[in-house]
$ cat final.txt   # compact mmCIF, C-alpha atoms and all ligand atoms
# COMPACT_ATOMS: atom_id res chain seq x y z
CA MET U 4 147.70 120.97 143.74
CA ALA U 5 148.99 124.14 145.30
CA THR U 6 146.46 125.93 147.46
CA GLY U 7 147.59 128.82 149.66
CA ASN U 8 149.96 129.56 146.82
CA GLY U 9 150.34 133.25 147.70
CA ILE U 10 148.43 134.51 144.66
CA PRO U 11 145.28 136.34 145.81
CA SER U 12 142.08 134.49 144.90
CA SER U 13 140.68 137.75 143.54
CA LEU U 14 143.50 137.88 140.98
CA LEU U 15 142.85 134.28 139.89
CA ASP U 16 139.16 135.13 139.48
CA LYS U 17 140.02 138.25 137.49
CA LEU U 18 142.28 136.29 135.17
CA ARG U 19 139.49 133.81 134.44
CA GLU U 20 137.11 136.72 133.96
CA VAL U 21 139.25 138.58 131.38
CA ALA U 22 139.83 135.29 129.57
CA LYS U 23 136.08 134.72 129.39
CA GLN U 24 135.47 138.27 128.18
CA PHE U 25 138.09 137.91 125.47
CA PHE U 26 136.62 134.64 124.25
CA ALA U 27 133.12 136.19 124.17
CA LEU U 28 134.26 138.87 121.69
CA PRO U 29 133.01 138.62 118.11
CA ALA U 30 135.19 136.43 115.88
CA GLU U 31 136.46 139.41 113.84
CA GLU U 32 137.73 141.09 116.95
CA LYS U 33 139.55 137.97 118.17
CA HIS U 34 141.05 137.46 114.76
CA LYS U 35 143.02 140.66 115.15
CA TYR U 36 145.23 138.51 117.34
CA SER U 37 145.34 135.49 115.03
CA ARG U 38 148.37 133.33 114.89
CA ALA U 39 150.32 133.30 111.65
CA ALA U 40 150.65 129.92 109.93
CA ASN U 41 153.49 127.88 111.47
CA LYS U 42 153.84 130.26 114.39
CA VAL U 43 152.84 129.44 117.91
CA GLU U 44 152.06 132.84 119.26
CA GLY U 45 148.58 134.37 119.01
CA TYR U 46 144.99 133.18 118.81
CA GLY U 47 143.81 130.14 116.90
CA GLN U 48 143.29 126.42 116.73
CA ASP U 49 145.78 123.56 116.37
CA GLY U 50 148.61 124.18 113.96
CA VAL U 51 148.79 121.58 111.22
CA VAL U 52 151.68 119.20 111.78
CA SER U 53 150.75 116.19 109.67
CA GLU U 54 148.04 115.02 107.28
CA LYS U 55 146.65 112.38 109.57
CA GLN U 56 146.30 114.73 112.49
CA ILE U 57 143.17 114.66 114.65
CA PHE U 58 142.24 118.13 115.82
CA ASP U 59 141.51 119.21 119.37
CA TRP U 60 138.15 120.74 120.27
CA SER U 61 139.61 123.99 121.51
CA SER U 62 140.83 127.44 120.65
CA ARG U 63 143.86 128.96 122.28
CA LEU U 64 145.57 132.23 122.84
CA SER U 65 149.31 131.75 123.35
CA LEU U 66 151.53 134.56 124.57
CA LYS U 67 155.17 134.71 125.50
CA VAL U 68 155.24 136.52 128.85
CA PHE U 69 158.93 136.27 129.86
CA PRO U 70 161.56 137.47 129.13
CA GLU U 71 159.58 140.66 129.29
CA ASP U 72 161.46 142.31 126.43
CA GLN U 73 160.39 139.48 124.11
CA ARG U 74 156.67 140.11 124.55
CA ARG U 75 154.85 140.62 121.28
CA LEU U 76 152.25 143.05 122.44
CA ASN U 77 150.40 143.00 119.12
CA PHE U 78 149.01 139.63 120.23
CA TRP U 79 147.98 140.86 123.68
CA PRO U 80 144.25 141.67 123.69
CA GLU U 81 143.30 145.32 124.16
CA ASN U 82 139.79 144.18 124.92
CA PRO U 83 138.84 143.73 127.75
CA SER U 84 140.87 146.78 128.69
CA ASP U 85 142.36 145.25 131.84
CA PHE U 86 143.51 142.02 130.14
CA ILE U 87 147.15 143.07 129.85
CA ASP U 88 147.47 144.36 133.42
CA VAL U 89 145.78 141.32 134.92
CA LEU U 90 147.94 138.90 132.95
CA HIS U 91 151.09 140.83 133.82
CA GLU U 92 150.24 140.85 137.51
CA TYR U 93 149.48 137.12 137.45
CA VAL U 94 152.68 136.05 135.71
CA VAL U 95 154.90 138.21 137.94
CA LYS U 96 153.38 136.52 140.98
CA LEU U 97 153.58 133.14 139.31
CA LYS U 98 157.30 133.57 138.72
CA GLY U 99 157.69 133.82 142.48
CA VAL U 100 155.67 130.63 142.91
CA MET U 101 157.88 128.85 140.36
CA ASP U 102 161.02 129.88 142.28
CA ILE U 103 159.57 128.34 145.42
CA LEU U 104 158.72 125.18 143.48
CA PHE U 105 162.31 124.86 142.22
CA LYS U 106 163.68 125.17 145.74
CA ALA U 107 161.17 122.62 147.04
CA MET U 108 161.99 120.14 144.29
CA GLU U 109 165.73 120.57 144.84
CA LYS U 110 165.32 120.12 148.56
CA SER U 111 163.13 117.05 148.18
CA LEU U 112 166.00 115.30 146.36
CA ASN U 113 168.72 116.73 148.64
CA LEU U 114 170.23 118.65 145.77
CA VAL U 115 172.37 121.75 145.89
CA GLU U 116 170.19 124.84 145.55
CA GLY U 117 170.08 125.91 141.92
CA SER U 118 170.53 122.40 140.48
CA PHE U 119 167.34 122.80 138.47
CA SER U 120 166.87 126.56 138.38
CA SER U 121 170.37 127.19 137.00
CA GLN U 122 169.53 124.95 134.05
CA PHE U 123 166.55 127.16 133.31
CA GLY U 124 168.83 130.20 133.36
CA ASP U 125 168.09 133.79 134.29
CA ASN U 126 166.10 134.31 131.11
CA SER U 127 163.94 131.22 131.13
CA LEU U 128 160.95 131.37 128.82
CA MET U 129 157.48 131.62 130.17
CA LYS U 130 154.49 131.18 127.93
CA ALA U 131 150.87 131.60 128.90
CA ARG U 132 148.25 129.65 127.01
CA PHE U 133 144.58 130.42 127.41
CA ASN U 134 142.60 127.32 126.48
CA PHE U 135 138.95 127.67 125.47
CA TYR U 136 136.92 124.48 125.18
CA PRO U 137 133.44 125.20 123.77
CA PRO U 138 130.56 122.78 124.35
CA CYS U 139 130.78 119.81 122.02
CA SER U 140 127.84 117.73 120.76
CA ARG U 141 129.85 114.49 120.67
CA PRO U 142 132.08 114.32 123.74
CA ASP U 143 132.34 110.58 123.15
CA MET U 144 134.10 111.27 119.84
CA VAL U 145 136.25 114.33 120.43
CA LEU U 146 138.81 115.40 123.01
CA GLY U 147 139.46 118.96 124.15
CA VAL U 148 143.16 118.15 124.11
CA LYS U 149 144.57 114.80 123.06
CA ALA U 150 146.72 112.82 125.46
CA HIS U 151 150.11 114.50 125.70
CA SER U 152 152.87 115.32 128.11
CA ASP U 153 154.02 118.92 128.39
CA ARG U 154 157.35 119.71 126.77
CA SER U 155 158.01 122.40 129.37
CA GLY U 156 160.04 122.24 132.52
CA ILE U 157 157.18 123.12 134.82
CA THR U 158 153.57 123.90 133.94
CA VAL U 159 151.21 125.68 136.30
CA LEU U 160 147.56 125.42 135.36
CA LEU U 161 144.69 127.56 136.50
CA GLN U 162 141.60 125.48 135.81
CA ASP U 163 138.05 126.57 135.19
CA ASP U 164 136.33 127.21 138.52
CA GLU U 165 133.29 125.05 137.64
CA VAL U 166 133.86 122.79 134.70
CA GLY U 167 136.15 119.79 134.99
CA GLY U 168 137.54 117.68 132.18
CA LEU U 169 141.26 117.37 132.86
CA GLN U 170 142.46 113.81 133.37
CA ILE U 171 145.84 112.39 134.18
CA PHE U 172 147.10 108.91 133.30
CA LYS U 173 148.24 107.04 136.39
CA ASP U 174 148.51 103.32 137.13
CA ASP U 175 147.07 102.54 133.69
CA LYS U 176 143.91 104.55 134.27
CA TRP U 177 142.61 108.00 133.43
CA ILE U 178 141.95 109.86 136.67
CA ASN U 179 139.88 113.05 136.93
CA VAL U 180 141.71 116.05 138.29
CA PRO U 181 139.29 117.65 140.77
CA VAL U 182 138.11 121.23 140.35
CA ILE U 183 139.30 123.30 143.30
CA PRO U 184 138.57 126.94 142.43
CA HIS U 185 141.64 128.67 143.87
CA ALA U 186 144.17 125.90 143.58
CA LEU U 187 146.86 125.84 140.93
CA VAL U 188 147.65 122.51 139.31
CA VAL U 189 151.41 121.95 139.08
CA ASN U 190 152.43 119.58 136.32
CA LEU U 191 156.02 118.68 135.56
CA GLY U 192 157.03 118.54 131.93
CA ASP U 193 159.44 116.48 129.84
CA GLN U 194 162.45 118.67 130.59
CA MET U 195 162.03 118.16 134.34
CA GLN U 196 161.93 114.42 133.75
CA ILE U 197 165.27 114.68 131.95
CA MET U 198 166.88 116.97 134.54
CA SER U 199 165.77 114.74 137.40
CA ASN U 200 167.15 111.70 135.56
CA GLY U 201 163.68 110.19 135.40
CA ILE U 202 162.80 110.64 139.08
CA PHE U 203 160.12 113.25 138.41
CA LYS U 204 157.65 112.10 135.82
CA SER U 205 156.08 114.13 133.07
CA PRO U 206 152.63 112.55 133.07
CA LEU U 207 150.29 112.00 130.14
CA HIS U 208 147.18 114.08 130.47
CA ARG U 209 144.18 115.01 128.33
CA VAL U 210 141.03 117.09 128.46
CA LEU U 211 137.52 115.75 127.86
CA THR U 212 134.80 117.80 126.19
CA ASN U 213 131.27 118.18 127.49
CA THR U 214 127.94 118.94 125.84
CA ASP U 215 126.80 122.10 127.54
CA LYS U 216 129.46 124.23 129.13
CA LEU U 217 132.40 126.31 127.99
CA ARG U 218 135.57 125.44 129.91
CA ILE U 219 138.45 127.87 130.22
CA SER U 220 141.92 127.22 131.60
CA VAL U 221 145.18 129.13 131.69
CA ALA U 222 148.35 127.05 131.39
CA THR U 223 151.69 128.73 132.03
CA PHE U 224 154.78 126.90 130.85
CA ASN U 225 158.23 127.59 132.21
CA THR U 226 160.99 126.42 129.90
CA PRO U 227 164.80 126.66 130.06
CA GLU U 228 166.52 129.22 127.85
CA PRO U 229 166.62 127.57 124.41
CA ASP U 230 170.45 127.90 124.04
CA LYS U 231 171.12 126.26 127.36
CA GLU U 232 171.92 122.61 127.37
CA ILE U 233 169.87 120.68 129.87
CA GLY U 234 170.55 117.22 131.24
CA PRO U 235 170.31 114.99 134.29
CA VAL U 236 171.74 116.61 137.44
CA GLU U 237 175.08 114.89 138.24
CA GLN U 238 174.06 114.19 141.82
CA LEU U 239 171.19 112.06 140.53
CA ILE U 240 173.40 109.76 138.51
CA ASP U 241 175.05 106.75 140.16
CA GLU U 242 175.50 102.99 139.72
CA LYS U 243 171.99 102.32 140.97
CA ARG U 244 170.48 104.97 138.76
CA PRO U 245 172.60 105.29 135.64
CA ARG U 246 172.22 108.28 133.36
CA LEU U 247 168.94 107.82 131.49
CA TYR U 248 169.06 110.79 129.13
CA ARG U 249 171.65 112.61 127.13
CA ASN U 250 171.97 116.37 127.27
CA VAL U 251 169.72 118.34 124.92
CA LYS U 252 169.69 121.92 123.70
CA ASN U 253 166.52 123.65 122.59
CA PHE U 254 164.22 120.84 123.60
CA ALA U 255 161.19 122.57 122.06
CA ALA U 256 162.72 122.42 118.57
CA PHE U 257 163.88 118.84 119.17
CA ASP U 258 160.37 117.89 120.30
CA TYR U 259 158.82 119.47 117.22
CA GLU U 260 161.17 117.53 114.93
CA CYS U 261 160.30 114.30 116.71
CA LEU U 262 156.58 115.07 116.46
CA GLN U 263 156.83 115.51 112.71
CA LYS U 264 158.53 112.13 112.42
CA GLY U 265 155.89 110.51 114.64
CA LYS U 266 158.45 110.00 117.40
CA VAL U 267 158.37 110.79 121.11
CA ALA U 268 161.06 113.23 122.23
CA LEU U 269 161.54 111.71 125.68
CA GLU U 270 162.22 108.34 124.08
CA GLU U 271 164.59 109.83 121.54
CA ALA U 272 166.56 111.58 124.28
CA LYS U 273 167.19 108.28 126.06
CA ILE U 274 170.69 106.88 126.08
C1 LIG P 301 147.87 122.18 128.18
C2 LIG P 301 146.93 121.38 128.99
C3 LIG P 301 144.98 121.29 130.37
C4 LIG P 301 143.72 122.04 130.62
O1 LIG P 301 147.51 123.34 127.84
O2 LIG P 301 148.98 121.67 127.89
O3 LIG P 301 147.21 120.23 129.22
O4 LIG P 301 143.08 121.70 131.61
N1 LIG P 301 145.82 121.97 129.45
O5 LIG P 301 143.36 122.92 129.85
NI NI P 302 149.31 119.87 128.87

$ encode --input "final.txt" --output "structure tokens"
Amino acid sequence: MATGNGIPSSLLDKLREVAKQFFALPAEEKHKYSRAANKVEGYGQDGVVSEKQIFDWSSRLSLKVFPEDQRRLNFWPENPSDFIDVLHEYVVKLKGVMDILFKAMEKSLNLVEGSFSSQFGDNSLMKARFNFYPPCSRPDMVLGVKAHSDRSGITVLLQDDEVGGLQIFKDDKWINVPVIPHALVVNLGDQMQIMSNGIFKSPLHRVLTNTDKLRISVATFNTPEPDKEIGPVEQLIDEKRPRLYRNVKNFAAFDYECLQKGKVALEEAKI
């Protein structure tokens, strides 16, 4: 949890507010931003990956926010009218937070500065995903998001300020992540696990549904440039800790292929 993260609380509140206002729009209005089949960007529910798939109890709005020149503004809501400015302001500040996180992670392992950040590249991808979890009559039967690990490098999550539901799998148990209104949840993804040669873990997490309250969260995923090959940092490989993973390019595409075959990308990347 990062509190005192340098992003004004008022901005975090505003981001939650515009998200709520967007979700409250009539369906026709939201569908102006609908995702195309087999595309990830835009508004909608789970994409269909396989026939046996179990769907999540949530709707999402996914937007690529960096590199800035790759934004597809036709998916960015014009209603509420300050949505775009608020999101822009948030992600610019968040980029600064991510840079601090890289330095802290490098320092914590006594690595040369840039060991991780250089693998992300100067044009790393950042995607924002607004998650909307409506009340659900059978929370015992349905999850908001199934257990998964993030395929990103780093994920920063702004949770709902009232409604919990996020759980993380640790020591063989599901543990509730507490709701702290102005804290950001930092979660490392699969690509960080690879780069750190397995030292940093990409944990399984899931979201529970509840019967009476809408829950909103904003997840921002930072991912290395797709053409850049990522792999364990040399300094983290030695006789005691041999190289666990091979180098991979475009991990997102690799992960998607694995998913379709019912395989787990992190396992497939193992040596
Ligand atoms: C995700 C995710 C958690 C949440 O979007 O990958 O895990 O609390 N979200 O919405
Ligand atoms: Ni996640």

$ residues_around --input "final.txt" --residues "Asn126 of chain U" --least-positions-apart "6" --cutoff "12 Å" --atoms "all atoms listed in the file" --output "list in words"
Val68, Phe69, Pro70, Glu71, Asp72, Gln73, Lys98, Ser120, Asn225, Thr226, Pro227, Glu228, Pro229, Asp230 and Lys231 of chain U

$ residues_around --input "final.txt" --residues "segment 181-185 of chain U" --least-positions-apart "2" --cutoff "6 Å" --atoms "only C-alpha atoms" --output "list in words"
Ser12, Asp164 and Gly167 of chain U

$ residues_near_ligand --input "final.txt" --ligand "ligand NI 302 (chain P)" --cutoff "8 Å" --atoms "only C-alpha atoms and all ligand atoms" --output "list of chain:residue names"
U:Val148, U:His151, U:Ser152, U:Asp153, U:Thr158, U:His208, U:Arg209, U:Ala222

$ write_last_selection --input "final.txt" --atoms "C-alpha atoms" --output "mmCIF file, in the coordinates of the input"
data_model
loop_
_atom_site.group_PDB
_atom_site.id
_atom_site.type_symbol
_atom_site.label_atom_id
_atom_site.label_comp_id
_atom_site.auth_asym_id
_atom_site.auth_seq_id
_atom_site.Cartn_x
_atom_site.Cartn_y
_atom_site.Cartn_z
ATOM 1 C CA VAL U 148 143.160 118.150 124.110
ATOM 2 C CA HIS U 151 150.110 114.500 125.700
ATOM 3 C CA SER U 152 152.870 115.320 128.110
ATOM 4 C CA ASP U 153 154.020 118.920 128.390
ATOM 5 C CA THR U 158 153.570 123.900 133.940
ATOM 6 C CA HIS U 208 147.180 114.080 130.470
ATOM 7 C CA ARG U 209 144.180 115.010 128.330
ATOM 8 C CA ALA U 222 148.350 127.050 131.390
#

$ closest_residue --input "final.txt" --among "U:Ile10, U:Met195, U:Ile171, U:Leu187" --to "Tyr93 of chain U" --atoms "all atoms listed in the file"
U:Ile10

$ residues_near_point --input "final.txt" --point "(155.8, 125.8, 141.8)" --cutoff "12 Å" --atoms "only C-alpha atoms" --output "number ranges by chain"
U: 4-10, 96-109, 120, 156-160, 186-191, 223-225

$ residues_near_ligand --input "final.txt" --ligand "ligand LIG 301 (chain P)" --cutoff "6 Å" --atoms "only C-alpha atoms and all ligand atoms" --output "list in words"
Asn134, Asp153, Gln162, Leu169, Val210, Ser220 and Ala222 of chain U

$ write_last_selection --input "final.txt" --atoms "C-alpha atoms" --output "PDB file, keeping the file's coordinate frame"
ATOM      1  CA  ASN U 134     142.600 127.320 126.480  1.00  0.00           C
ATOM      2  CA  ASP U 153     154.020 118.920 128.390  1.00  0.00           C
ATOM      3  CA  GLN U 162     141.600 125.480 135.810  1.00  0.00           C
ATOM      4  CA  LEU U 169     141.260 117.370 132.860  1.00  0.00           C
ATOM      5  CA  VAL U 210     141.030 117.090 128.460  1.00  0.00           C
ATOM      6  CA  SER U 220     141.920 127.220 131.600  1.00  0.00           C
ATOM      7  CA  ALA U 222     148.350 127.050 131.390  1.00  0.00           C
TER       8      ALA U 222
END

$ atom_distance --input "final.txt" --atom1 "atom CA of Ala272 of chain U" --atom2 "atom CA of Lys130 of chain U"
23.3 Å

$ atom_distance --input "final.txt" --atom1 "atom CA of Glu271 of chain U" --atom2 "atom CA of Arg244 of chain U"
18.8 Å

$ closest_residue --input "final.txt" --among "U:Asp125, U:Asp163, U:Asp193, U:Asp241" --to "Phe257 of chain U" --atoms "all atoms listed in the file"
U:Asp193

$ decode --input "final.txt" --residues "segment 190-204 of chain U" --atoms "N, CA and C atoms" --output "tab-separated table (two decimals), in the first residue's frame"
chain	number	residue	atom	x	y	z
U	190	ASN	N	0.76	-3.65	-7.05
U	190	ASN	CA	0.80	-5.09	-7.26
U	190	ASN	C	1.78	-5.38	-8.39
U	191	LEU	N	2.72	-6.28	-8.13
U	191	LEU	CA	3.69	-6.58	-9.19
U	191	LEU	C	3.12	-7.66	-10.09
U	192	GLY	N	3.42	-7.54	-11.35
U	192	GLY	CA	2.87	-8.47	-12.34
U	192	GLY	C	3.90	-9.51	-12.79
U	193	ASP	N	3.45	-10.37	-13.69
U	193	ASP	CA	4.28	-11.49	-14.17
U	193	ASP	C	5.63	-11.03	-14.72
U	194	GLN	N	5.65	-9.90	-15.42
U	194	GLN	CA	6.91	-9.49	-16.06
U	194	GLN	C	7.94	-9.04	-15.02
U	195	MET	N	7.47	-8.52	-13.89
U	195	MET	CA	8.40	-8.17	-12.81
U	195	MET	C	8.95	-9.44	-12.17
U	196	GLN	N	8.13	-10.47	-12.09
U	196	GLN	CA	8.61	-11.74	-11.54
U	196	GLN	C	9.74	-12.30	-12.41
U	197	ILE	N	9.57	-12.18	-13.71
U	197	ILE	CA	10.61	-12.66	-14.64
U	197	ILE	C	11.88	-11.81	-14.50
U	198	MET	N	11.71	-10.48	-14.56
U	198	MET	CA	12.89	-9.60	-14.51
U	198	MET	C	13.66	-9.74	-13.20
U	199	SER	N	12.93	-10.02	-12.12
U	199	SER	CA	13.62	-10.14	-10.83
U	199	SER	C	14.07	-11.59	-10.58
U	200	ASN	N	14.02	-12.40	-11.62
U	200	ASN	CA	14.41	-13.81	-11.53
U	200	ASN	C	13.67	-14.52	-10.39
U	201	GLY	N	12.41	-14.18	-10.25
U	201	GLY	CA	11.56	-14.87	-9.28
U	201	GLY	C	11.60	-14.31	-7.87
U	202	ILE	N	12.39	-13.25	-7.64
U	202	ILE	CA	12.47	-12.70	-6.28
U	202	ILE	C	11.19	-11.95	-5.93
U	203	PHE	N	10.73	-11.11	-6.86
U	203	PHE	CA	9.43	-10.44	-6.64
U	203	PHE	C	8.34	-11.34	-7.21
U	204	LYS	N	7.30	-11.51	-6.43
U	204	LYS	CA	6.24	-12.43	-6.86
U	204	LYS	C	5.06	-11.66	-7.46
